[in-house]
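Next comes start06.pdb, with PDB, C-alpha atoms.
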```pdb
ATOM      1  CA  MET R   1      34.015  10.394 -44.924
ATOM      2  CA  SER R   2      33.253   6.819 -43.910
ATOM      3  CA  MET R   3      35.614   7.135 -40.898
ATOM      4  CA  LEU R   4      33.755  10.122 -39.575
ATOM      5  CA  LYS R   5      30.476   8.343 -39.855
ATOM      6  CA  GLN R   6      31.795   5.388 -37.902
ATOM      7  CA  ILE R   7      33.015   7.562 -35.047
ATOM      8  CA  ALA R   8      29.728   9.379 -34.858
ATOM      9  CA  GLU R   9      27.846   6.093 -34.630
ATOM     10  CA  GLU R  10      30.015   4.797 -31.835
ATOM     11  CA  GLU R  11      29.470   7.818 -29.695
ATOM     12  CA  GLN R  12      25.747   7.549 -29.955
ATOM     13  CA  LYS R  13      25.609   4.218 -28.133
ATOM     14  CA  LEU R  14      23.978   4.607 -24.788
ATOM     15  CA  GLU R  15      25.735   3.286 -21.712
ATOM     16  CA  MET R  16      23.107   1.083 -20.075
ATOM     17  CA  THR R  17      25.080  -0.397 -17.184
ATOM     18  CA  PRO R  18      24.618   2.383 -14.581
ATOM     19  CA  MET R  19      20.932   2.580 -15.293
ATOM     20  CA  ILE R  20      20.488  -1.138 -14.800
ATOM     21  CA  ASP R  21      22.563  -0.979 -11.639
ATOM     22  CA  VAL R  22      20.421   1.756 -10.207
ATOM     23  CA  THR R  23      17.215   0.038 -11.244
ATOM     24  CA  PHE R  24      18.199  -3.184  -9.530
ATOM     25  CA  LEU R  25      19.245  -1.236  -6.495
ATOM     26  CA  LEU R  26      15.896   0.498  -6.248
ATOM     27  CA  LEU R  27      14.115  -2.785  -6.786
ATOM     28  CA  ILE R  28      16.006  -4.444  -3.970
ATOM     29  CA  PHE R  29      15.521  -1.441  -1.736
ATOM     30  CA  PHE R  30      11.751  -1.437  -2.128
ATOM     31  CA  MET R  31      11.607  -5.183  -1.722
ATOM     32  CA  CYS R  32      13.341  -4.823   1.608
ATOM     33  CA  THR R  33      11.396  -1.881   2.963
ATOM     34  CA  ILE R  34       7.930  -3.033   2.076
ATOM     35  CA  LYS R  35       7.441  -5.253   5.112
ATOM     36  CA  PHE R  36       8.639  -2.735   7.693
ATOM     37  CA  LYS R  37       5.289  -0.972   7.448
ATOM     38  CA  THR R  38       3.452  -2.761  10.231
ATOM     39  CA  LEU R  39       4.193  -1.472  13.674
ATOM     40  CA  GLU R  40       4.353  -4.087  16.333
ATOM     41  CA  GLY R  41       3.961  -3.784  20.036
ATOM     42  CA  LYS R  42       3.373  -5.948  23.039
ATOM     43  CA  LEU R  43       1.175  -6.148  26.095
ATOM     44  CA  SER R  44       2.665  -7.547  29.279
ATOM     45  CA  ALA R  45       0.789  -9.815  31.640
ATOM     46  CA  TYR R  46       1.447 -12.564  34.112
ATOM     47  CA  LEU R  47       0.610 -16.223  34.010
ATOM     48  CA  PRO R  48      -1.363 -18.205  36.575
ATOM     49  CA  LYS R  49       0.957 -19.346  39.320
ATOM     50  CA  ASP R  50      -1.088 -22.145  40.848
ATOM     51  CA  VAL R  51       1.508 -24.663  39.639
ATOM     52  CA  GLY R  52       5.131 -24.558  40.663
ATOM     53  CA  VAL R  53       6.960 -22.192  42.958
ATOM     54  CA  ASN R  54       5.133 -19.072  43.967
ATOM     55  CA  THR R  55       7.497 -16.266  44.821
ATOM     56  CA  SER R  56       4.944 -13.590  45.612
ATOM     57  CA  GLU R  57       3.425 -13.262  49.073
ATOM     58  CA  ALA R  58      -0.100 -14.457  49.746
ATOM     59  CA  GLU R  59      -2.673 -12.545  47.796
ATOM     60  CA  PRO R  60      -4.348 -10.114  50.126
ATOM     61  CA  LYS R  61      -6.563  -8.459  47.537
ATOM     62  CA  GLU R  62      -9.587  -9.830  45.907
ATOM     63  CA  LYS R  63      -9.101 -10.007  42.189
ATOM     64  CA  VAL R  64     -11.216  -8.233  39.656
ATOM     65  CA  GLU R  65     -12.492 -10.994  37.479
ATOM     66  CA  ILE R  66     -13.119 -10.225  33.851
ATOM     67  CA  SER R  67     -14.660 -12.921  31.703
ATOM     68  CA  VAL R  68     -14.886 -13.032  27.963
ATOM     69  CA  VAL R  69     -17.817 -15.130  26.832
ATOM     70  CA  LEU R  70     -18.608 -16.022  23.276
ATOM     71  CA  LEU R  71     -22.259 -15.505  22.365
ATOM     72  CA  SER R  72     -22.156 -16.320  18.679
ATOM     73  CA  GLU R  73     -19.143 -17.195  16.658
ATOM     74  CA  GLY R  74     -20.225 -15.432  13.498
ATOM     75  CA  ALA R  75     -19.475 -16.457   9.969
ATOM     76  CA  LYS R  76     -16.040 -16.728   8.511
ATOM     77  CA  VAL R  77     -15.801 -14.371   5.572
ATOM     78  CA  HIS R  78     -13.120 -13.364   3.146
ATOM     79  CA  PRO R  79     -11.422 -10.226   4.537
ATOM     80  CA  LYS R  80     -11.639  -8.215   1.313
ATOM     81  CA  THR R  81     -14.633  -9.403  -0.663
ATOM     82  CA  GLY R  82     -16.894 -10.338   2.240
ATOM     83  CA  ALA R  83     -17.837 -13.578   0.530
ATOM     84  CA  PRO R  84     -18.066 -16.721   2.664
ATOM     85  CA  TRP R  85     -14.625 -18.083   3.402
ATOM     86  CA  ASP R  86     -13.907 -21.340   1.613
ATOM     87  CA  GLY R  87     -10.359 -21.942   2.742
ATOM     88  CA  SER R  88      -8.800 -20.662  -0.465
ATOM     89  CA  SER R  89      -7.250 -17.530   1.021
ATOM     90  CA  PRO R  90      -4.888 -17.713   3.983
ATOM     91  CA  ARG R  91      -6.918 -15.296   6.102
ATOM     92  CA  PHE R  92     -10.491 -14.828   7.129
ATOM     93  CA  GLU R  93     -12.510 -12.452   9.242
ATOM     94  CA  TYR R  94     -15.454 -13.019  11.507
ATOM     95  CA  LYS R  95     -18.682 -11.330  10.539
ATOM     96  CA  GLY R  96     -21.435 -10.829  13.063
ATOM     97  CA  ARG R  97     -19.298 -12.064  15.920
ATOM     98  CA  GLN R  98     -20.788 -11.401  19.361
ATOM     99  CA  VAL R  99     -18.800 -11.434  22.541
ATOM    100  CA  GLU R 100     -19.992 -10.611  26.034
ATOM    101  CA  TYR R 101     -17.785  -9.238  28.764
ATOM    102  CA  ARG R 102     -18.392  -9.816  32.446
ATOM    103  CA  VAL R 103     -16.778  -7.782  35.149
ATOM    104  CA  GLY R 104     -17.673  -9.496  38.403
ATOM    105  CA  PRO R 105     -21.436 -10.020  38.231
ATOM    106  CA  GLN R 106     -22.065  -7.287  35.659
ATOM    107  CA  LYS R 107     -22.439  -8.022  31.975
ATOM    108  CA  PHE R 108     -21.402  -5.725  29.179
ATOM    109  CA  ALA R 109     -21.614  -5.932  25.416
ATOM    110  CA  ASP R 110     -19.485  -2.902  24.721
ATOM    111  CA  LEU R 111     -15.786  -2.575  25.448
ATOM    112  CA  THR R 112     -15.868   1.135  26.283
ATOM    113  CA  LYS R 113     -18.409   0.395  29.043
ATOM    114  CA  VAL R 114     -16.102  -2.319  30.332
ATOM    115  CA  ARG R 115     -13.278   0.180  30.427
ATOM    116  CA  GLN R 116     -15.357   2.736  32.309
ATOM    117  CA  ARG R 117     -16.355   0.121  34.856
ATOM    118  CA  LEU R 118     -12.756  -1.013  35.237
ATOM    119  CA  GLU R 119     -11.595   2.564  35.659
ATOM    120  CA  LYS R 120     -14.030   2.961  38.546
ATOM    121  CA  LEU R 121     -12.847  -0.245  40.138
ATOM    122  CA  PHE R 122      -9.243   0.807  39.702
ATOM    123  CA  GLN R 123      -9.805   4.230  41.261
ATOM    124  CA  ALA R 124     -11.385   2.567  44.289
ATOM    125  CA  ASP R 125      -8.323   0.411  44.852
ATOM    126  CA  GLU R 126      -5.211   0.933  42.795
ATOM    127  CA  GLU R 127      -3.425  -2.158  44.059
ATOM    128  CA  ARG R 128      -6.083  -4.559  42.984
ATOM    129  CA  PRO R 129      -5.031  -7.317  40.596
ATOM    130  CA  ALA R 130      -7.167  -8.437  37.674
ATOM    131  CA  THR R 131      -7.635 -11.804  36.035
ATOM    132  CA  ILE R 132      -8.888 -12.414  32.560
ATOM    133  CA  ASP R 133     -10.933 -15.507  32.074
ATOM    134  CA  ALA R 134     -11.308 -16.429  28.419
ATOM    135  CA  ARG R 135     -14.178 -18.860  27.985
ATOM    136  CA  PRO R 136     -14.135 -21.555  25.286
ATOM    137  CA  GLY R 137     -14.525 -20.330  21.736
ATOM    138  CA  THR R 138     -12.890 -16.964  22.220
ATOM    139  CA  VAL R 139     -10.023 -16.026  19.968
ATOM    140  CA  TYR R 140      -6.793 -14.133  20.550
ATOM    141  CA  SER R 141      -8.077 -10.745  19.388
ATOM    142  CA  ASP R 142     -11.072 -10.861  21.784
ATOM    143  CA  VAL R 143      -8.720 -11.394  24.689
ATOM    144  CA  VAL R 144      -6.175  -8.828  23.547
ATOM    145  CA  GLN R 145      -8.926  -6.204  23.322
ATOM    146  CA  VAL R 146      -9.971  -6.917  26.897
ATOM    147  CA  LEU R 147      -6.361  -6.888  28.038
ATOM    148  CA  ASP R 148      -5.900  -3.574  26.253
ATOM    149  CA  ALA R 149      -8.964  -2.101  27.995
ATOM    150  CA  THR R 150      -7.736  -3.382  31.346
ATOM    151  CA  ILE R 151      -4.347  -1.769  30.877
ATOM    152  CA  GLN R 152      -6.034   1.435  29.734
ATOM    153  CA  ALA R 153      -8.055   1.452  32.936
ATOM    154  CA  GLY R 154      -4.779   1.470  34.840
ATOM    155  CA  PHE R 155      -4.354  -2.115  36.023
ATOM    156  CA  THR R 156      -0.788  -3.373  36.035
ATOM    157  CA  ASP R 157      -1.120  -6.738  37.730
ATOM    158  CA  ILE R 158      -3.023  -8.820  35.220
ATOM    159  CA  THR R 159      -3.117 -12.590  35.077
ATOM    160  CA  PHE R 160      -4.913 -15.194  33.033
ATOM    161  CA  THR R 161      -6.873 -18.183  34.190
ATOM    162  CA  GLY R 162      -6.142 -21.714  33.092
ATOM    163  CA  SER R 163      -7.748 -23.494  30.201
ATOM    164  CA  TYR R 164     -11.062 -25.283  30.061
ATOM    165  CA  GLN R 165      -9.794 -28.117  27.919
ATOM    166  CA  LYS R 166      -8.520 -31.064  29.800
TER     167      LYS R 166
ATOM    168  CA  MET Q   1      59.243   1.523 -23.540
ATOM    169  CA  ASN Q   2      56.543   3.690 -24.777
ATOM    170  CA  LEU Q   3      54.328   2.362 -22.010
ATOM    171  CA  ASN Q   4      56.163   4.176 -19.263
ATOM    172  CA  LYS Q   5      55.658   7.480 -20.852
ATOM    173  CA  HIS Q   6      52.750   9.328 -19.435
ATOM    174  CA  ASP Q   7      50.831  11.424 -21.821
ATOM    175  CA  ALA Q   8      50.203  14.663 -19.991
ATOM    176  CA  GLY Q   9      47.569  15.655 -22.488
ATOM    177  CA  THR Q  10      44.960  13.072 -21.465
ATOM    178  CA  GLU Q  11      43.092  13.828 -18.292
ATOM    179  CA  MET Q  12      43.049  11.037 -15.727
ATOM    180  CA  GLU Q  13      39.504  11.199 -14.443
ATOM    181  CA  MET Q  14      38.457   8.486 -12.032
ATOM    182  CA  ASP Q  15      35.090   6.902 -12.608
ATOM    183  CA  MET Q  16      33.276   6.879  -9.274
ATOM    184  CA  THR Q  17      30.074   5.191 -10.425
ATOM    185  CA  PRO Q  18      31.076   1.520  -9.937
ATOM    186  CA  MET Q  19      32.467   2.272  -6.496
ATOM    187  CA  ILE Q  20      29.274   3.979  -5.366
ATOM    188  CA  ASP Q  21      27.235   1.137  -6.855
ATOM    189  CA  VAL Q  22      29.181  -1.429  -4.927
ATOM    190  CA  VAL Q  23      29.003   0.553  -1.692
ATOM    191  CA  PHE Q  24      25.224   0.862  -1.939
ATOM    192  CA  LEU Q  25      24.965  -2.790  -2.699
ATOM    193  CA  LEU Q  26      26.945  -3.649   0.413
ATOM    194  CA  ILE Q  27      24.793  -1.365   2.566
ATOM    195  CA  ILE Q  28      21.662  -3.059   1.290
ATOM    196  CA  PHE Q  29      23.205  -6.474   1.716
ATOM    197  CA  PHE Q  30      23.892  -5.801   5.385
ATOM    198  CA  MET Q  31      20.428  -4.341   5.840
ATOM    199  CA  ILE Q  32      18.963  -7.619   4.629
ATOM    200  CA  ILE Q  33      21.274  -9.665   6.794
ATOM    201  CA  THR Q  34      20.290  -7.751   9.915
ATOM    202  CA  ASP Q  35      16.662  -8.227   8.972
ATOM    203  CA  MET Q  36      17.243 -11.973   8.776
ATOM    204  CA  THR Q  37      18.052 -12.038  12.481
ATOM    205  CA  GLN Q  38      14.395 -11.179  13.055
ATOM    206  CA  GLN Q  39      13.294 -14.426  11.498
ATOM    207  CA  ASP Q  40      11.723 -15.682  14.700
ATOM    208  CA  LEU Q  41       8.842 -13.315  13.945
ATOM    209  CA  GLU Q  42       6.363 -15.017  11.693
ATOM    210  CA  GLU Q  43       4.149 -12.917   9.455
ATOM    211  CA  LEU Q  44       0.799 -12.745  11.201
ATOM    212  CA  GLU Q  45      -2.276 -10.578  11.397
ATOM    213  CA  LEU Q  46      -2.036  -9.209  14.920
ATOM    214  CA  PRO Q  47      -4.933  -7.670  16.807
ATOM    215  CA  ILE Q  48      -4.743  -3.933  17.422
ATOM    216  CA  ALA Q  49      -4.179  -2.624  20.926
ATOM    217  CA  VAL Q  50      -3.891   1.016  21.961
ATOM    218  CA  GLU Q  51      -1.710   0.297  24.953
ATOM    219  CA  ALA Q  52       0.810  -1.820  23.094
ATOM    220  CA  VAL Q  53       4.314  -0.622  23.880
ATOM    221  CA  GLU Q  54       7.076  -0.778  21.346
ATOM    222  CA  ASP Q  55       9.092  -3.945  21.539
ATOM    223  CA  LYS Q  56      12.802  -3.324  21.908
ATOM    224  CA  PRO Q  57      14.324  -6.713  22.569
ATOM    225  CA  ASP Q  58      17.711  -6.848  24.224
ATOM    226  CA  PRO Q  59      19.893  -9.034  21.984
ATOM    227  CA  LYS Q  60      21.780 -10.349  25.001
ATOM    228  CA  GLU Q  61      18.625 -11.460  26.761
ATOM    229  CA  VAL Q  62      17.250 -14.965  26.263
ATOM    230  CA  ARG Q  63      13.657 -14.588  25.225
ATOM    231  CA  PRO Q  64      11.618 -17.402  23.749
ATOM    232  CA  VAL Q  65       9.256 -16.404  20.961
ATOM    233  CA  ILE Q  66       6.361 -18.593  19.894
ATOM    234  CA  ASN Q  67       4.203 -17.816  16.887
ATOM    235  CA  ILE Q  68       0.742 -19.329  16.657
ATOM    236  CA  LEU Q  69      -1.192 -19.409  13.415
ATOM    237  CA  TRP Q  70      -4.975 -19.278  13.433
ATOM    238  CA  SER Q  71      -5.047 -23.000  12.768
ATOM    239  CA  GLY Q  72      -3.220 -23.599  16.043
ATOM    240  CA  LYS Q  73       0.136 -24.417  14.497
ATOM    241  CA  MET Q  74       2.972 -23.233  16.686
ATOM    242  CA  ILE Q  75       6.059 -21.977  14.962
ATOM    243  CA  VAL Q  76       9.435 -21.204  16.483
ATOM    244  CA  LYS Q  77      12.141 -19.772  14.263
ATOM    245  CA  ARG Q  78      10.407 -20.835  11.042
ATOM    246  CA  GLN Q  79      10.034 -24.386  12.325
ATOM    247  CA  GLU Q  80       6.801 -26.057  13.208
ATOM    248  CA  TYR Q  81       6.775 -27.212  16.811
ATOM    249  CA  TYR Q  82       3.165 -28.188  17.129
ATOM    250  CA  ASP Q  83       0.453 -29.066  14.678
ATOM    251  CA  PRO Q  84      -3.097 -29.691  15.950
ATOM    252  CA  GLU Q  85      -3.593 -32.225  13.189
ATOM    253  CA  THR Q  86      -0.761 -34.391  14.477
ATOM    254  CA  PRO Q  87      -0.921 -33.828  18.233
ATOM    255  CA  ASP Q  88       2.144 -34.818  20.226
ATOM    256  CA  GLU Q  89       0.964 -33.646  23.654
ATOM    257  CA  TYR Q  90       2.932 -30.434  23.116
ATOM    258  CA  LYS Q  91       6.167 -32.366  23.596
ATOM    259  CA  GLN Q  92       8.290 -30.252  21.237
ATOM    260  CA  VAL Q  93       6.952 -26.982  22.626
ATOM    261  CA  SER Q  94       7.579 -28.155  26.193
ATOM    262  CA  GLU Q  95      11.127 -29.163  25.321
ATOM    263  CA  TYR Q  96      11.771 -25.828  23.666
ATOM    264  CA  LEU Q  97      10.399 -23.900  26.639
ATOM    265  CA  SER Q  98      12.292 -25.900  29.241
ATOM    266  CA  ASP Q  99      15.470 -25.444  27.236
ATOM    267  CA  GLN Q 100      14.874 -21.693  27.054
ATOM    268  CA  SER Q 101      14.014 -21.576  30.737
ATOM    269  CA  ARG Q 102      17.274 -23.350  31.569
ATOM    270  CA  GLN Q 103      19.203 -20.880  29.433
ATOM    271  CA  MET Q 104      17.513 -17.975  31.206
ATOM    272  CA  ARG Q 105      18.470 -19.348  34.605
ATOM    273  CA  GLU Q 106      22.034 -19.990  33.457
ATOM    274  CA  LYS Q 107      22.251 -16.452  32.203
ATOM    275  CA  ARG Q 108      21.181 -15.146  35.586
ATOM    276  CA  LYS Q 109      23.805 -17.327  37.210
ATOM    277  CA  ARG Q 110      26.474 -15.847  34.955
ATOM    278  CA  ASP Q 111      25.245 -12.368  35.741
ATOM    279  CA  GLY Q 112      26.006 -13.165  39.355
ATOM    280  CA  GLU Q 113      22.669 -13.102  41.065
ATOM    281  CA  LYS Q 114      22.160 -14.453  44.548
ATOM    282  CA  PRO Q 115      21.650 -18.216  44.521
ATOM    283  CA  GLU Q 116      18.366 -18.125  46.416
ATOM    284  CA  VAL Q 117      16.910 -15.747  43.856
ATOM    285  CA  MET Q 118      18.361 -17.689  40.995
ATOM    286  CA  GLU Q 119      17.013 -21.046  42.080
ATOM    287  CA  SER Q 120      13.433 -19.903  42.026
ATOM    288  CA  VAL Q 121      12.095 -19.005  38.604
ATOM    289  CA  PRO Q 122      13.428 -17.488  35.411
ATOM    290  CA  ASP Q 123      12.667 -13.819  35.268
ATOM    291  CA  GLY Q 124      12.459 -13.408  31.523
ATOM    292  CA  PRO Q 125       9.231 -13.175  29.609
ATOM    293  CA  LEU Q 126       7.844 -15.284  26.826
ATOM    294  CA  LEU Q 127       6.744 -13.437  23.719
ATOM    295  CA  LEU Q 128       3.597 -14.887  22.288
ATOM    296  CA  ARG Q 129       2.603 -13.859  18.810
ATOM    297  CA  ALA Q 130      -0.718 -15.194  17.695
ATOM    298  CA  ASP Q 131      -2.914 -14.500  14.744
ATOM    299  CA  GLU Q 132      -6.013 -12.505  15.703
ATOM    300  CA  ASN Q 133      -8.268 -15.448  14.912
ATOM    301  CA  THR Q 134      -6.343 -18.000  16.950
ATOM    302  CA  PRO Q 135      -8.642 -19.856  19.352
ATOM    303  CA  PHE Q 136      -7.568 -18.779  22.817
ATOM    304  CA  HIS Q 137      -7.442 -22.298  24.226
ATOM    305  CA  TYR Q 138      -4.163 -22.880  22.352
ATOM    306  CA  ILE Q 139      -2.710 -19.900  24.161
ATOM    307  CA  GLN Q 140      -4.102 -21.084  27.485
ATOM    308  CA  LYS Q 141      -2.512 -24.457  26.860
ATOM    309  CA  LEU Q 142       0.835 -22.761  26.275
ATOM    310  CA  MET Q 143       0.386 -20.774  29.473
ATOM    311  CA  GLU Q 144      -0.217 -24.002  31.336
ATOM    312  CA  ILE Q 145       2.960 -25.476  29.923
ATOM    313  CA  CYS Q 146       4.812 -22.372  31.083
ATOM    314  CA  GLY Q 147       3.822 -23.124  34.657
ATOM    315  CA  LYS Q 148       5.108 -26.695  34.599
ATOM    316  CA  GLN Q 149       7.972 -27.946  36.718
ATOM    317  CA  GLY Q 150      11.265 -27.141  35.059
ATOM    318  CA  ILE Q 151       9.895 -24.304  32.950
ATOM    319  CA  GLN Q 152       8.125 -21.887  35.274
ATOM    320  CA  ILE Q 153       8.016 -18.900  33.020
ATOM    321  CA  TRP Q 154       5.573 -16.525  34.611
ATOM    322  CA  LYS Q 155       5.878 -13.377  32.556
ATOM    323  CA  ILE Q 156       4.234 -13.151  29.213
ATOM    324  CA  GLN Q 157       4.174 -10.612  26.446
ATOM    325  CA  LEU Q 158       1.361 -10.727  23.953
ATOM    326  CA  ALA Q 159       2.155  -9.234  20.598
ATOM    327  CA  ALA Q 160      -0.294  -6.711  19.219
ATOM    328  CA  ALA Q 161      -0.205  -4.157  16.448
ATOM    329  CA  GLN Q 162      -0.213  -0.502  17.328
ATOM    330  CA  PRO Q 163      -3.088   1.460  15.820
ATOM    331  CA  GLU Q 164      -2.134   3.489  12.811
ATOM    332  CA  GLU Q 165      -1.945   7.165  13.494
ATOM    333  CA  GLU Q 166      -4.638   9.292  11.959
ATOM    334  CA  GLY Q 167      -3.907  12.091   9.574
TER     335      GLY Q 167
END
```

Encoding of this model in structure tokens:
Amino acid sequence: MSMLKQIAEEEQKLEMTPMIDVTFLLLIFFMCTIKFKTLEGKLSAYLPKDVGVNTSEAEPKEKVEISVVLLSEGAKVHPKTGAPWDGSSPRFEYKGRQVEYRVGPQKFADLTKVRQRLEKLFQADEERPATIDARPGTVYSDVVQVLDATIQAGFTDITFTGSYQK
Amino acid sequence: MNLNKHDAGTEMEMDMTPMIDVVFLLIIFFMIITDMTQQDLEELELPIAVEAVEDKPDPKEVRPVINILWSGKMIVKRQEYYDPETPDEYKQVSEYLSDQSRQMREKRKRDGEKPEVMESVPDGPLLLRADENTPFHYIQKLMEICGKQGIQIWKIQLAAAQPEEEG
């Protein structure tokens, strides 16, 4: 009688090892995949070639000059709560940031208008190069947005101007 | 000698579970290792651009990658090359770029390009990854360095995130 009882007890023990294996596996898998979410792309452009060897022939076309001018920097706020940024979190956002775009002599506040203007300029002359002039105070995303609009308008030959800081 | 005798009554079933476990583990291990090769990409908040094309780097190509944090710190392969709080006239960044530029030109030489083409400028681009709030003058400074004698990188790729698809 006691023997039978012992055998029955032994068989009831649950084998935990495979479950733990699988759990760890899933854990590791999700740890690995979680950062693949963000898609990343690139925008190509050319650098100013006033220094060093210039391989291209003399520029026959007049460049379309696009300037990005900072009107007001805006306040740094916490990206999620919207509270003023105090340096505690690694990121911040700008609230109430105002940037002005200038295409030649014309001034724009809205990027879609800039794009429409650039599209017109591009249709008039498809070979025309463009330069982006980022004025002091502008940040990377301001410039990338302009670059994006310029590429959307069709321009392929895009350069940047040099810096204002000496 | 009882050991040699095989009892035909017991079924010899092979347990596959540990083998499958180990195989999965190896697959995941190699997945992580291949991910590690991408360590020159710092985790940043990139601006969104509609026209951003997918980046498919050629592993054989020499391509310098510089990450810039919003504070202006420049990071190459997890190492800080420039800190605005301890300015060094961009010496480390310049050295890195001229080294990369030399490697690019050497690669073109190995690929057997005409000497007159080869002598001019490296043809490869520089990938610039900056946080969306990075002041642009840091990037302009880097562009200036790119044009210096001995570096002369004239193509640039700006990293941007692709907009998430709706629906």

Residues selected by the PyMOL selection byres ((chain Q and resi 57-70) around 9), written as number ranges by chain: R: 91, 139-140; Q: 40-44, 55-56, 71-77, 93, 96-97, 100-101, 103-104, 107, 124-135, 138-139

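The interatomic distance for the pair CA of Met19 in chain R and CA of Ile33 in chain Q works out to 25.3 Å.
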
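Residues lying within 6 Å of range 144-152 of chain R, counting all atoms listed in the file and ignoring same-chain neighbours fewer than 5 positions away, are Arg115 of chain R; Ala49 and Glu51 of chain Q.
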
Could you build a table of the residues in chain Q lying no more than 6 Å from chain R, giving for each the nearest pair of atoms and their separation in Å rounded to one decimal place, using all atoms listed in the file, ordered by chain and ascending residue number, as CSV?
```
residue,atom,partner,partner_atom,distance
Q:Pro47,CA,R:Ser141,CA,5.1
Q:Ala49,CA,R:Asp148,CA,5.7
Q:Glu51,CA,R:Asp148,CA,5.9
Q:Ala52,CA,R:Gly41,CA,4.8
Q:Val53,CA,R:Gly41,CA,5.0
Q:Glu54,CA,R:Gly41,CA,4.5
Q:Asp55,CA,R:Gly41,CA,5.3
Q:Glu132,CA,R:Ser141,CA,4.6
Q:Asn133,CA,R:Val139,CA,5.4
Q:Thr134,CA,R:Val139,CA,5.2
Q:Pro135,CA,R:Val139,CA,4.1
Q:Phe136,CA,R:Val139,CA,4.7
Q:Gln140,CA,R:Ser163,CA,5.1
Q:Gly147,CA,R:Val51,CA,5.7
Q:Gln149,CA,R:Gly52,CA,5.9
Q:Trp154,CA,R:Leu47,CA,5.0
Q:Lys155,CA,R:Tyr46,CA,4.8
Q:Ile156,CA,R:Ala45,CA,5.4
Q:Gln157,CA,R:Ser44,CA,4.4
Q:Leu158,CA,R:Leu43,CA,5.1
Q:Ala159,CA,R:Lys42,CA,4.3
Q:Ala160,CA,R:Gly41,CA,5.2
Q:Ala161,CA,R:Glu40,CA,4.6
Q:Gln162,CA,R:Leu39,CA,5.8
```

Separation of CA of Gly87 in chain R from CA of Ile48 in chain Q, in Å and rounded to one decimal: 23.9 Å
